[in-house]
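Novice: Structure below; questions to follow.
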Amino acid sequence: MAKDLLDTHGTLSPVPLITLCHTQGLTVRRTTFATPDVAIVVIPYHGLPTIFVDQAASAAHQRFLIAHALAHCVLHGQQIPDNYSLVESYDRFTHSHNFSDDRASCVECRTNRLARAILMPPSKMAQWLRSSLSVTSGGFLLAVSPSQFRQRLRDRLSAEDFH
């Protein structure tokens, strides 16, 4: 499912993230949270799974947070109960179900890798590698932060890693 998501929508720069969310049955709303350390919440809202993202975050960080929530839904969609909720604070994740610390860490690492692959698909990374653009320019063109762009270069992943 993740490979289909990248193959279908991975050729535009920047990737149309909100459209991708809609194709997966998710809505996205920007909001101000009552608790300042909350970055993103995924909960049912008016009967639809909805990603609420902190509108005070930078545009690049909002895109990463939304891609992260989308990646959770893509990777774990069949396993997530209807009453699932995800709350990400700026310093950690808290889930409505219980993972052991080791499994939660593994899940989050894989989810982050897929989020970066969604935002920076293999085809766009290959184009960047053939160009003479800097990391900062590559991040700007894909609407991601330079630090996420550098991390994506370290990932060295393709869509096949997420079957």
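Residues are named by chain letter and number: chains run A, B, ... in the order of the structure tokens, numbers start at 1 in each chain, and ligands are numbered from 1 in the order shown.
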When you look at Ala60 in chain A with a cut-off of 6 Å (counting only C-alpha atoms), what residues show up, excluding the ones that are within fewer than 2 positions of it in the same chain? I need them as a ChimeraX atom specification.

Specialist: /A:58,62-63,143-145

Novice: What's around Thr32 in chain A at 10 Å? Count only C-alpha atoms, leave out sequence neighbours fewer than 4 positions away in its own chain, and write the answer as JSON, numbers by chain.

Specialist: {"A": [36, 38, 39, 40, 52, 53, 54, 55, 56, 57]}

Novice: Write out as a compact mmCIF listing (two decimals) with N, CA and C atoms, in the first residue's frame each polymer residue whose atoms come within 9 Å of Val135 in chain A, counting only C-alpha atoms; drop sequence neighbours fewer than 2 positions from it.

Specialist:
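Ended up saving to result.txt:
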```
# COMPACT_ATOMS: atom_id res chain seq x y z
N TRP A 128 17.65 15.05 -7.42
CA TRP A 128 18.53 15.92 -6.64
C TRP A 128 19.98 15.42 -6.73
N LEU A 133 22.49 20.97 -6.80
CA LEU A 133 21.83 21.74 -5.74
C LEU A 133 22.35 21.34 -4.37
N SER A 137 18.85 23.77 -0.70
CA SER A 137 18.01 23.99 -1.90
C SER A 137 17.09 22.80 -2.15
N GLY A 138 17.62 21.58 -1.98
CA GLY A 138 16.78 20.39 -2.15
C GLY A 138 15.64 20.37 -1.17
N GLY A 139 15.93 20.70 0.09
CA GLY A 139 14.88 20.77 1.10
C GLY A 139 13.84 21.83 0.76
N PHE A 140 14.30 22.99 0.30
CA PHE A 140 13.39 24.06 -0.08
C PHE A 140 12.47 23.63 -1.22
N PRO A 146 16.01 21.32 5.97
CA PRO A 146 17.31 20.74 5.61
C PRO A 146 17.67 19.53 6.48
N SER A 147 17.30 19.55 7.75
CA SER A 147 17.63 18.41 8.62
C SER A 147 16.87 17.15 8.19
N PHE A 149 15.84 16.59 5.14
CA PHE A 149 16.44 16.23 3.85
C PHE A 149 17.73 15.43 4.09
N ARG A 150 18.58 15.90 5.00
CA ARG A 150 19.81 15.17 5.32
C ARG A 150 19.50 13.78 5.88
```

Novice: Determine which residues of range 16-149 of chain A receive a DSSP assignment of alpha helix (DSSP H), computed from the backbone, and state them as a VMD selection string.

Specialist: chain A and resid 17 to 23 59 to 76 101 to 119 122 to 130 135 to 141 146 to 149

Novice: With distances taken over only C-alpha atoms, which residue among A:Thr50, A:Leu141, A:Glu88, A:Leu17 lies nearest Ala115 in chain A?

Specialist: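 That would be A:Leu17, the residue with the smallest distance to Ala115 in chain A.
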
Novice: Hey, which of A:Thr19, A:Leu153, A:Tyr45, A:Cys109 ends up closest to Pro122 in chain A? Count only C-alpha atoms.

Specialist: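 Among the listed residues, A:Leu153 lies closest to Pro122 in chain A.
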
Novice: Report, in Å to a single decimal, how far apart CA of Ala34 in chain A and CA of Gln148 in chain A are.

Specialist: 27.1 Å

Novice: Find the residues of range 102-162 of chain A that sit at most 12 Å from range 65-77 of chain A; for each, write down the nearest two atoms and how far apart they are in Å, to one decimal. Count only C-alpha atoms. Sort by chain, then by number going up, and give it as a Markdown table.

Specialist:
```
| residue | atom | partner | partner_atom | distance |
| --- | --- | --- | --- | --- |
| A:Ala104 | CA | A:His72 | CA | 11.8 |
| A:Val107 | CA | A:His72 | CA | 8.6 |
| A:Glu108 | CA | A:His72 | CA | 8.5 |
| A:Cys109 | CA | A:His68 | CA | 10.2 |
| A:Arg110 | CA | A:Ala71 | CA | 8.8 |
| A:Thr111 | CA | A:Ala71 | CA | 5.6 |
| A:Asn112 | CA | A:His68 | CA | 6.0 |
| A:Arg113 | CA | A:His68 | CA | 8.7 |
| A:Leu114 | CA | A:Ala71 | CA | 5.9 |
| A:Ala115 | CA | A:Ala67 | CA | 4.8 |
| A:Arg116 | CA | A:Ala67 | CA | 7.5 |
| A:Ala117 | CA | A:Ala67 | CA | 9.2 |
| A:Ile118 | CA | A:Ala67 | CA | 6.8 |
| A:Leu119 | CA | A:Ala67 | CA | 7.0 |
| A:Met120 | CA | A:Ala67 | CA | 10.5 |
| A:Val144 | CA | A:Ala67 | CA | 10.9 |
| A:Ser145 | CA | A:Leu65 | CA | 12.0 |
| A:Gln148 | CA | A:Leu65 | CA | 11.5 |
| A:Asp161 | CA | A:Leu75 | CA | 11.4 |
| A:Phe162 | CA | A:Leu75 | CA | 7.9 |
```

Novice: Quick one: write out the picked residues with N, CA and C atoms as a compact mmCIF listing (two decimals), in the first residue's frame?

Specialist:
```
# COMPACT_ATOMS: atom_id res chain seq x y z
N ALA A 104 7.72 0.19 20.36
CA ALA A 104 7.28 1.54 20.03
C ALA A 104 8.39 2.29 19.31
N VAL A 107 8.63 0.98 15.76
CA VAL A 107 7.48 1.46 14.99
C VAL A 107 7.68 2.92 14.60
N GLU A 108 8.13 3.73 15.53
CA GLU A 108 8.32 5.15 15.25
C GLU A 108 9.45 5.38 14.25
N CYS A 109 10.52 4.62 14.34
CA CYS A 109 11.61 4.76 13.37
C CYS A 109 11.13 4.42 11.97
N ARG A 110 10.41 3.34 11.84
CA ARG A 110 9.90 2.92 10.53
C ARG A 110 8.89 3.95 10.00
N THR A 111 8.06 4.47 10.90
CA THR A 111 7.08 5.48 10.51
C THR A 111 7.78 6.76 10.05
N ASN A 112 8.81 7.17 10.75
CA ASN A 112 9.56 8.36 10.33
C ASN A 112 10.22 8.15 8.98
N ARG A 113 10.77 6.95 8.74
CA ARG A 113 11.39 6.69 7.44
C ARG A 113 10.35 6.78 6.32
N LEU A 114 9.16 6.21 6.55
CA LEU A 114 8.13 6.29 5.52
C LEU A 114 7.66 7.73 5.35
N ALA A 115 7.54 8.48 6.42
CA ALA A 115 7.14 9.88 6.31
C ALA A 115 8.13 10.65 5.43
N ARG A 116 9.41 10.41 5.65
CA ARG A 116 10.42 11.08 4.81
C ARG A 116 10.33 10.59 3.36
N ALA A 117 10.06 9.30 3.16
CA ALA A 117 9.94 8.76 1.79
C ALA A 117 8.72 9.34 1.09
N ILE A 118 7.65 9.60 1.83
CA ILE A 118 6.46 10.22 1.24
C ILE A 118 6.79 11.65 0.81
N LEU A 119 7.45 12.39 1.69
CA LEU A 119 7.77 13.79 1.39
C LEU A 119 8.88 13.93 0.36
N MET A 120 9.78 12.96 0.34
CA MET A 120 10.94 13.01 -0.55
C MET A 120 11.07 11.67 -1.26
N VAL A 144 10.63 20.71 2.70
CA VAL A 144 11.03 20.02 3.94
C VAL A 144 12.22 20.78 4.53
N SER A 145 12.49 20.52 5.79
CA SER A 145 13.63 21.18 6.43
C SER A 145 14.93 20.54 5.95
N GLN A 148 15.60 17.29 7.80
CA GLN A 148 14.85 16.13 7.31
C GLN A 148 15.42 15.66 5.97
N ASP A 161 10.96 -0.73 0.51
CA ASP A 161 11.24 -0.99 1.91
C ASP A 161 9.97 -1.02 2.76
N PHE A 162 8.84 -0.64 2.18
CA PHE A 162 7.62 -0.51 2.96
C PHE A 162 6.49 -1.39 2.47
```
